[in-house]
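Undergrad: After the structure tokens below, expect a handful of questions from me.
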Amino acid sequence: MSKQLVGKPLPRKEGRDKVTGQARYVDDLKFPEMLYGATVRSHVPRGRIRRITFEEGVPWDEFTIVTAKDVPGANYVALILNDQPFLADEYVNHREEPVLLLAHADKYLVEKARALVHVEIEELPAIFSIEDSIARRELIWGEDNVFKSFLVDKGNVDDVWAQADFIVEGEYRTGAQEQLYIECNGVVSIASPGDGVTVWGSMQCPYYVHKALIKLFDLPEEKIRVIQTETGGGFGGKEEYPSMIAGHAALLAWKSGRPVKIVYDRAEDMAATTKRHPSRTRHRTAVSKDGRLLGMEIDFVVDGGAYATLSAVVLSRGTIHAAGPYHCPNVRIRSRAVATNVPPHGAFRGFGAPQSIFALERHMDKVAATVGLSPEEFRRRNFIREGQTTATGQVIREPVDMEGLLARAFELTDYAAKRERFAAENAQSRVKKGIGFASFMHGAGFTGSGEKYLQSVVGAEATPEGRVRILAASTEIGQGTNTIFSQIAAEALGVDYDLIEVAKPDTGNVPNSGPTVASRTCMIVGKLVESAVLGLKQTLVGAGLLGEAYDSAEFSRACQRYLEKYGALRSSSQYEQPAGINWDDEKYRGDAYGAYAWAVYVAEVSVDMLTYEARVDDFVAVQEVGRVIHPVLAAGQIEGGVAQAIGYALYEQVVWQDGRMQNNQMTNYIMPTAADVPPIRVFFEEVPYAHGPAGAKGIGELPMDGPAPAILNAIEHATAVSFRQIPLLPEAIIEGLGV
Amino acid sequence: MSEGNGKVTVTCTVNGLEERLEVYPMARLLDVLRTELRLTGTKEGCGEGECGACSVLLNGEMVNSCLIPVLQVEGAEIKTIEGVASAEQLHAVQEAFITCGGAQCGICTPGMVIAALNLLERKRAPDEQEIREALAGNLCRCTGYTKIFEAVVKACQSKDEGE
């Protein structure tokens with residue numbers, strides 16, 4: 001009966017539609033009488049709206065115009081703190097903040113009209129840096145410009161400084177990064193007071209949009225329907241922002257009585273939507289002369305932009321990951337997410353962890369050098385082991401073998417030999433070579449009590465054709481949700497992969513399985529898929545329609561017979577936290593994540609001393625992510641994440657001027673191309689996780705965490721200069737080398 | 001050929017079918033394909049010729065259709081992603097993209113398939129460097145390109161086996 005489908009490289013469920021161009025993305029949708037919407041935005045970083053005027057030049061009476069006054073319900077994007085308006089009413093707090101909406105049947109005329117709307121704003125002083133925000137040079141949010149702060153306190157760090165043989169300090173910074181999904185944000189909406197609001201769009205989290213629209217329109221939940229269209233990449237950039245653009249299209253549709261489409265062009269998407277939080281991390285580390293970590297004091301700050309959005313949770317993940325996969329008896333991490341007058345920063349793969357892990361893994365090399373140990377020997381002496389505790393006091397109960405991962409990564413890269421050879425050869429060569437690594441972990445699922453509060457639900461039903469359909473709001477955004485859910489379901493039932501289908505996420509039809517974020521889709525939602533389909537089987541067995549042994553065809557016939565007899569066959573499964581996971585929200589202590597993925601990544605680089613360009617020549621990623629459900633998709637996640645992180649480290653610089661991204665084009669915001677990425681070699685150790693489907697853990701965000709510090713560690717090996725900030729462009733290398 | 005409303009008539013062949021289009025002369029080929037002909041497989045990623053999502057073959061040459069004013073395609077032969085597979089039979093490149101995991105979110109895939117086809121029509125068995133260069137005008141944010149390179153290599157192999 002067992003098909004052993006887990007671990008097999010089965011064809012992607014929607015693969016055929018994607019390679020033939022038949023897959024329907026939001027901009028491919030067209031409705032009769034449809035209007036095109038556009039957004040008029042603030043041109044100042046902070047100020048008070050005085051007047052809005054409409055210059056002649058278009059037939060204004062043909063336009064639908066929406067301002068804050070037209071909002072039927074509450075004018076805020078419901079998320080955590082509800083401080084961000086859909087449309088600015090009196091005050092604006094960042095450049096590109098939405099002020100007014102326009103719609104017209106002629107797409108070109110809408111663009112012309114947008115330029116003819118003049119928003120007069122009395123400018124107020126604005127702040128753009130973490131330092132200015134902390135110093136309260138202007139008070140722009142709440143009582144202290146702080147959206148959220150955390151304190152993680154383990155042992156007593158104050159007592160360690162006196163007994164330390166070395167105290168090592170360092171400051172590290174990371175820049176903003178654009179998600180740069182190739183499909184821009186977009187939605188189509190149909191809305192009316194009678195029928196309610198329907199939205200089709202490119203998104204990760206249909207129920208986030210659903211929640212936001214309920215408040216915006218003050219309608220009961222059954223009057224709001226959100227349908228995900230095929231989504232051309234998300235990476236976090238379509239976690240919270242779709243609520244905003246969906247609200248805008250729906251407001252225009254509500255007022256005009258006609259379908260309205262808003263699809264951003266690239267320039268608008270880059271300038272106006274969320275990016276990765278810039279960060280500053282300060283480390284102070286006490287270490288003994290034999291290289292044992294005695295105490296770590298970490299100050300971690302992220303720039304949240306003008307509104308709270310998801311900053312509190314980004315900060316939380318960054319904070320918890322800040323001390324990494326090491327055992328240290330005394331740790332204090334203070335962290336803050338602060339406000340500045342730039343468009344709100346938001347979710348992006350890794351969600352705070354790439355920032356704090358960059359700092360940590362650069363700093364660990366510095367500590368090792370201070371003590372006089374190699375980076376690897378210093379880490380070996382401090383790697384966390386089963387039974388030891390993390391910074392939050394979480395006892396690691398799963399088998400963890402960081403040393404084993406390190407050894408394998410070194411063997412695969414011939415690390416030791418290269419480390420010596422490059423150092424010897426660099427003196428004579430124009431192109432300096434280096435090799436470096438980072439060791440790290442990434443927690444899967446929501447932090448702390450998050451999954452318990454979410455209470456995610458997955459459904460499964462039998463179709464009249466005798467197939468099994470999975471009902472979940474978890475979206476396919478390229479990572480392979482449809483495929484792995486089908487594998488997990490088919491494996492659990494012992495039926496063919498082709499017998500399983502996955503319903504399109506539509507809040508009118510699928511339960512809330514939670515957002516598609518936080519490396520939770522496989523581990524958390526996949527487990528619910530497994531139990532939901534087993535519920536179907538149980539019902540069939542209970543009804544006497546299915547025996548102990550059966551094949552796919554028999555299972556299918558049993559489903560059909562059940563439907564003939566009883567009308568419908570459905571089952572659902574709700575998340576229950578595995579026993580032994582305890583988290584204290586107040587003290588920020590306990591089991592921060594149900595499981596962690598563990599990894600060691602090695603980067604080989606060259607730095608050209610004529611052009612000052614750094615490039616990655618080879619990359620090896622070794623990780624333990626539990627059981628691998630689909631080897632090709634899993635490797636694809638790692639390869640894609642590594643490439644994105646290479647961009648983060650070396651190429652992708654957001655150039656800010658007065659709170660606005662100046663290089664908001666693919667021409668001058670440079671992401672890696674096929675010619676830039678090195679061979680990315682991916683290796684998995686598989687240690688099954690007891691509470692994951694077929695033993696799987698989370699994987700999606702992990703590869704974003706390690707590459708940047710590994711690359712900069714390698715660049716230090718090549719150049720003997722310790723760079724502490726990313727992105728590291730040639731200009732910064734010139735400056736660092738003191739040329 | 002002017003219609004008086006500013007539109008002109010452009011005749012061209014798209015995926016083997018002759019089309020007579022009433023269009024604004026400076027309309028982008030991308031928009032004409034997507035809106036007039038409803039060939040929505042060709043995607044817009046950047047609108048400035050950087051990402052390659054809108055790649056099509058114009059008289060056998062790969063172009064970014066977002067940069068081509070439609071007036072320029074008078075009398076031309078155009079192939080879009082919709083013209084790559086024949087009836088039920090996928091092209092070897094498309095099969096390889098599925099097998100090797102070359103398509104993730106799929107938004108760059110039509111352009112990437114066109115770029116791969118364009119390469120394979122010029123080079124029977126490209127080496128890795130040639131594949132990298134041929135695809136460097138098509139951006140993918142999901143795959144890190146590794147699986148796409150594998151797909152191109154596999155497509156070459158299956159093409160050879162088929163011959």
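Chain labels run A, B, ... following the order of the structure tokens; each chain numbers its residues from 1, and ligands are numbered from 1 in the order shown.
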From a DSSP pass on the backbone, collect the residues of chain B flagged as helix (DSSP H, G or I) and hand them back as a PyMOL selection string.
TA: chain B and resi 29-36+65-67+70-73+81-83+92-100+109-122+128-135+146-162
Undergrad: Step one, run DSSP on the backbone; step two, keep only residues of stretch 579-673 of chain A assigned to strand (DSSP E); then write them as a VMD selection string.
TA: chain A and resid 583 to 584 589 to 590 595 to 608 614 to 624 656 to 657 660 to 661
Undergrad: Write to file, as a CSV table (one decimal), in the first residue's frame, the residues of the selection just made, with N, CA and C atoms.
TA:
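Result written to out-v1.csv:
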chain,number,residue,atom,x,y,z
A,583,TRP,N,6.3,28.4,26.2
A,583,TRP,CA,6.8,29.7,25.9
A,583,TRP,C,6.2,30.7,26.8
A,584,ASP,N,7.1,31.6,27.4
A,584,ASP,CA,6.6,32.7,28.2
A,584,ASP,C,6.7,34.0,27.5
A,589,ARG,N,11.0,33.8,27.3
A,589,ARG,CA,11.8,32.6,27.6
A,589,ARG,C,11.1,31.3,27.3
A,590,GLY,N,11.9,30.3,26.9
A,590,GLY,CA,11.3,29.0,26.7
A,590,GLY,C,11.5,28.5,25.3
A,595,ALA,N,11.0,23.4,16.2
A,595,ALA,CA,12.2,22.7,15.6
A,595,ALA,C,13.0,23.8,14.9
A,596,TYR,N,14.3,23.4,14.8
A,596,TYR,CA,15.2,24.3,14.0
A,596,TYR,C,15.8,23.5,12.9
A,597,ALA,N,16.1,24.2,11.8
A,597,ALA,CA,17.0,23.6,10.8
A,597,ALA,C,18.4,24.1,11.1
A,598,TRP,N,19.4,23.3,10.8
A,598,TRP,CA,20.8,23.6,11.2
A,598,TRP,C,21.6,23.6,9.9
A,599,ALA,N,22.6,24.5,9.9
A,599,ALA,CA,23.4,24.6,8.6
A,599,ALA,C,24.8,25.1,8.8
A,600,VAL,N,25.6,24.7,7.9
A,600,VAL,CA,26.9,25.3,7.7
A,600,VAL,C,27.1,25.6,6.2
A,601,TYR,N,27.4,26.8,5.9
A,601,TYR,CA,27.6,27.2,4.5
A,601,TYR,C,29.0,27.7,4.3
A,602,VAL,N,29.6,27.3,3.1
A,602,VAL,CA,30.9,27.7,2.8
A,602,VAL,C,31.0,28.5,1.5
A,603,ALA,N,31.6,29.7,1.5
A,603,ALA,CA,31.7,30.5,0.3
A,603,ALA,C,33.2,30.6,-0.1
A,604,GLU,N,33.4,30.5,-1.4
A,604,GLU,CA,34.7,30.8,-1.9
A,604,GLU,C,34.6,32.0,-2.8
A,605,VAL,N,35.5,33.0,-2.6
A,605,VAL,CA,35.3,34.3,-3.3
A,605,VAL,C,36.6,34.7,-3.9
A,606,SER,N,36.5,35.6,-4.9
A,606,SER,CA,37.7,36.3,-5.3
A,606,SER,C,37.4,37.8,-5.4
A,607,VAL,N,38.4,38.6,-5.0
A,607,VAL,CA,38.3,40.0,-5.0
A,607,VAL,C,39.4,40.5,-6.0
A,608,ASP,N,38.9,41.2,-7.0
A,608,ASP,CA,39.8,41.8,-8.0
A,608,ASP,C,40.3,43.1,-7.6
A,614,ALA,N,34.0,42.0,-5.8
A,614,ALA,CA,34.0,40.7,-5.2
A,614,ALA,C,33.0,39.8,-5.9
A,615,ARG,N,33.4,38.5,-6.1
A,615,ARG,CA,32.4,37.6,-6.6
A,615,ARG,C,32.6,36.2,-6.0
A,616,VAL,N,31.5,35.5,-6.0
A,616,VAL,CA,31.5,34.2,-5.3
A,616,VAL,C,31.8,33.2,-6.4
A,617,ASP,N,32.8,32.4,-6.2
A,617,ASP,CA,33.2,31.4,-7.2
A,617,ASP,C,32.6,30.0,-6.9
A,618,ASP,N,32.4,29.7,-5.7
A,618,ASP,CA,31.8,28.4,-5.4
A,618,ASP,C,31.0,28.5,-4.1
A,619,PHE,N,30.0,27.8,-4.0
A,619,PHE,CA,29.2,27.9,-2.7
A,619,PHE,C,28.7,26.5,-2.4
A,620,VAL,N,28.9,26.1,-1.1
A,620,VAL,CA,28.4,24.8,-0.7
A,620,VAL,C,27.5,25.0,0.5
A,621,ALA,N,26.3,24.5,0.5
A,621,ALA,CA,25.3,24.6,1.5
A,621,ALA,C,25.0,23.2,2.1
A,622,VAL,N,25.4,23.0,3.3
A,622,VAL,CA,25.1,21.7,4.0
A,622,VAL,C,24.1,22.0,5.1
A,623,GLN,N,22.9,21.3,5.1
A,623,GLN,CA,21.9,21.6,6.1
A,623,GLN,C,21.2,20.3,6.6
A,624,GLU,N,20.6,20.4,7.7
A,624,GLU,CA,19.8,19.4,8.3
A,624,GLU,C,18.4,20.0,8.5
A,656,TRP,N,18.9,55.6,-0.8
A,656,TRP,CA,17.9,56.4,-0.3
A,656,TRP,C,18.2,57.9,-0.4
A,657,GLN,N,17.2,58.6,-0.7
A,657,GLN,CA,17.3,60.1,-0.7
A,657,GLN,C,16.1,60.7,-0.1
A,660,ARG,N,13.2,58.2,0.2
A,660,ARG,CA,12.7,57.5,-0.9
A,660,ARG,C,13.8,56.7,-1.6
A,661,MET,N,13.4,55.5,-2.1
A,661,MET,CA,14.4,54.7,-2.9
A,661,MET,C,14.6,55.4,-4.2
Undergrad: Show me, as a PyMOL selection string, every residue of chain B with an atom at most 6 Å from chain A, counting only C-alpha atoms.
TA: chain B and resi 40-41+45-46+81+94+98+104-107+110+132-133+136+139+142-145
Undergrad: Can you pull out the residues contacting stretch 326-332 of chain A? Cut-off 8 Å, using only C-alpha atoms, and skip same-chain residues under 4 positions away; I want them as a list in words.
TA: Leu151, Val152, Asp153, Lys154, Gly155, Asn156, Val157, Val160, Leu293, Leu294, Gly295, Met296, Glu297, Ile298, Arg379, Asn382, Phe383, Ile384, Arg385, Gln388, Thr389, Thr390 and Ala391 of chain A
Undergrad: Record the distance separating atom CA of A:Asp299 and atom CA of A:Thr281, expressed in Å with one decimal.
TA: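 These two atoms are separated by 5.6 Å.
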Undergrad: Excluding A:Met244 and its own-chain neighbours fewer than 5 positions away, which residues fall within 10 Å of it when counting only C-alpha atoms? Please give them as a list in words.
TA: Tyr76, Val77, Ala78, Gln84, Pro85, Phe86, Leu87, Pro98, Val209, Ala212, Leu213, Ala249, Ala250 and Thr273 of chain A
Undergrad: Give me, as JSON, numbers by chain, all polymer residues having an atom no more than 8 Å from A:Arg362, counting only C-alpha atoms and skipping those fewer than 5 positions away in the same chain.
TA: {"A": [709, 712, 713, 724]}
Undergrad: What's the separation between atom CA of A:Ile357 and atom CA of A:Thr370, in Å to one decimal place?
TA: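 About the pair atom CA of A:Ile357 and atom CA of A:Thr370: they are 19.6 Å apart.
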Undergrad: So that I can see what lies close to stretch 547-560 of chain A, please list as a CSV table (one decimal) with C-alpha atoms, in the first residue's frame the residues with an atom at most 9 Å from it, counting only C-alpha atoms and leaving out residues fewer than 4 positions away in the same chain.
TA:
chain,number,residue,atom,x,y,z
A,1,MET,CA,0.0,0.0,0.0
A,462,ALA,CA,-13.5,13.5,-1.6
A,463,THR,CA,-14.5,14.7,-5.1
A,464,PRO,CA,-17.2,13.1,-7.2
A,465,GLU,CA,-14.4,11.8,-9.4
A,466,GLY,CA,-13.1,9.8,-6.5
A,467,ARG,CA,-10.2,12.1,-5.9
A,468,VAL,CA,-8.9,13.7,-2.7
A,493,LEU,CA,-3.1,7.4,2.3
A,494,GLY,CA,-0.9,5.0,0.3
A,495,VAL,CA,-2.5,6.2,-3.0
A,496,ASP,CA,-1.2,7.6,-6.2
A,499,LEU,CA,-5.2,11.1,-7.0
A,536,LEU,CA,-11.0,10.7,5.3
A,537,LYS,CA,-9.6,7.3,5.4
A,540,LEU,CA,-14.2,5.3,4.8
A,541,VAL,CA,-12.9,2.4,7.0
A,564,GLU,CA,-23.4,8.3,-3.3
A,565,LYS,CA,-24.5,7.1,0.0
A,569,LEU,CA,-17.0,13.3,2.6
Undergrad: Can you tell me which residues surround A:Phe410 at a distance of at most 10 Å, considering only C-alpha atoms, apart from same-chain residues fewer than 2 positions away, and format the answer as a PyMOL selection string?
TA: chain A and resi 376+404-408+412-418+436-437+600-602+620+622
Undergrad: Would you put the residues from that selection into a file with N, CA and C atoms, as an mmCIF file, in the first residue's frame?
TA:
data_model
loop_
_atom_site.group_PDB
_atom_site.id
_atom_site.type_symbol
_atom_site.label_atom_id
_atom_site.label_comp_id
_atom_site.auth_asym_id
_atom_site.auth_seq_id
_atom_site.Cartn_x
_atom_site.Cartn_y
_atom_site.Cartn_z
ATOM 1 N N GLU A 376 36.913 27.904 12.736
ATOM 2 C CA GLU A 376 36.216 26.628 12.920
ATOM 3 C C GLU A 376 36.467 26.031 14.303
ATOM 4 N N GLY A 404 29.319 17.838 12.775
ATOM 5 C CA GLY A 404 29.204 16.941 11.627
ATOM 6 C C GLY A 404 28.923 17.725 10.355
ATOM 7 N N LEU A 405 28.022 18.716 10.453
ATOM 8 C CA LEU A 405 27.712 19.543 9.280
ATOM 9 C C LEU A 405 28.951 20.310 8.829
ATOM 10 N N LEU A 406 29.680 20.829 9.820
ATOM 11 C CA LEU A 406 30.900 21.589 9.528
ATOM 12 C C LEU A 406 31.931 20.690 8.827
ATOM 13 N N ALA A 407 32.098 19.493 9.369
ATOM 14 C CA ALA A 407 33.092 18.578 8.796
ATOM 15 C C ALA A 407 32.718 18.243 7.344
ATOM 16 N N ARG A 408 31.434 17.990 7.107
ATOM 17 C CA ARG A 408 31.015 17.622 5.757
ATOM 18 C C ARG A 408 31.193 18.798 4.788
ATOM 19 N N LEU A 412 33.627 18.842 1.502
ATOM 20 C CA LEU A 412 33.081 19.098 0.165
ATOM 21 C C LEU A 412 33.750 20.280 -0.529
ATOM 22 N N THR A 413 34.327 21.172 0.261
ATOM 23 C CA THR A 413 34.932 22.364 -0.324
ATOM 24 C C THR A 413 36.456 22.322 -0.271
ATOM 25 N N ASP A 414 37.007 21.286 0.308
ATOM 26 C CA ASP A 414 38.452 21.203 0.495
ATOM 27 C C ASP A 414 38.923 22.461 1.243
ATOM 28 N N TYR A 415 38.164 22.790 2.259
ATOM 29 C CA TYR A 415 38.330 24.059 2.964
ATOM 30 C C TYR A 415 39.750 24.255 3.522
ATOM 31 N N ALA A 416 40.215 23.263 4.259
ATOM 32 C CA ALA A 416 41.497 23.443 4.972
ATOM 33 C C ALA A 416 42.638 23.715 3.995
ATOM 34 N N ALA A 417 42.674 22.937 2.915
ATOM 35 C CA ALA A 417 43.751 23.108 1.930
ATOM 36 C C ALA A 417 43.647 24.464 1.248
ATOM 37 N N LYS A 418 42.409 24.837 0.904
ATOM 38 C CA LYS A 418 42.228 26.117 0.208
ATOM 39 C C LYS A 418 42.567 27.296 1.118
ATOM 40 N N GLY A 436 35.485 31.162 3.316
ATOM 41 C CA GLY A 436 34.953 31.414 4.659
ATOM 42 C C GLY A 436 33.631 30.696 4.831
ATOM 43 N N PHE A 437 33.147 30.695 6.033
ATOM 44 C CA PHE A 437 31.898 29.955 6.281
ATOM 45 C C PHE A 437 31.064 30.654 7.349
ATOM 46 N N VAL A 600 25.623 24.677 7.871
ATOM 47 C CA VAL A 600 26.945 25.291 7.701
ATOM 48 C C VAL A 600 27.127 25.564 6.214
ATOM 49 N N TYR A 601 27.386 26.820 5.872
ATOM 50 C CA TYR A 601 27.553 27.223 4.472
ATOM 51 C C TYR A 601 28.988 27.714 4.257
ATOM 52 N N VAL A 602 29.582 27.308 3.146
ATOM 53 C CA VAL A 602 30.944 27.730 2.822
ATOM 54 C C VAL A 602 30.954 28.494 1.504
ATOM 55 N N VAL A 620 28.890 26.094 -1.139
ATOM 56 C CA VAL A 620 28.387 24.808 -0.656
ATOM 57 C C VAL A 620 27.476 25.046 0.546
ATOM 58 N N VAL A 622 25.354 23.022 3.328
ATOM 59 C CA VAL A 622 25.051 21.744 3.995
ATOM 60 C C VAL A 622 24.058 22.031 5.108
#
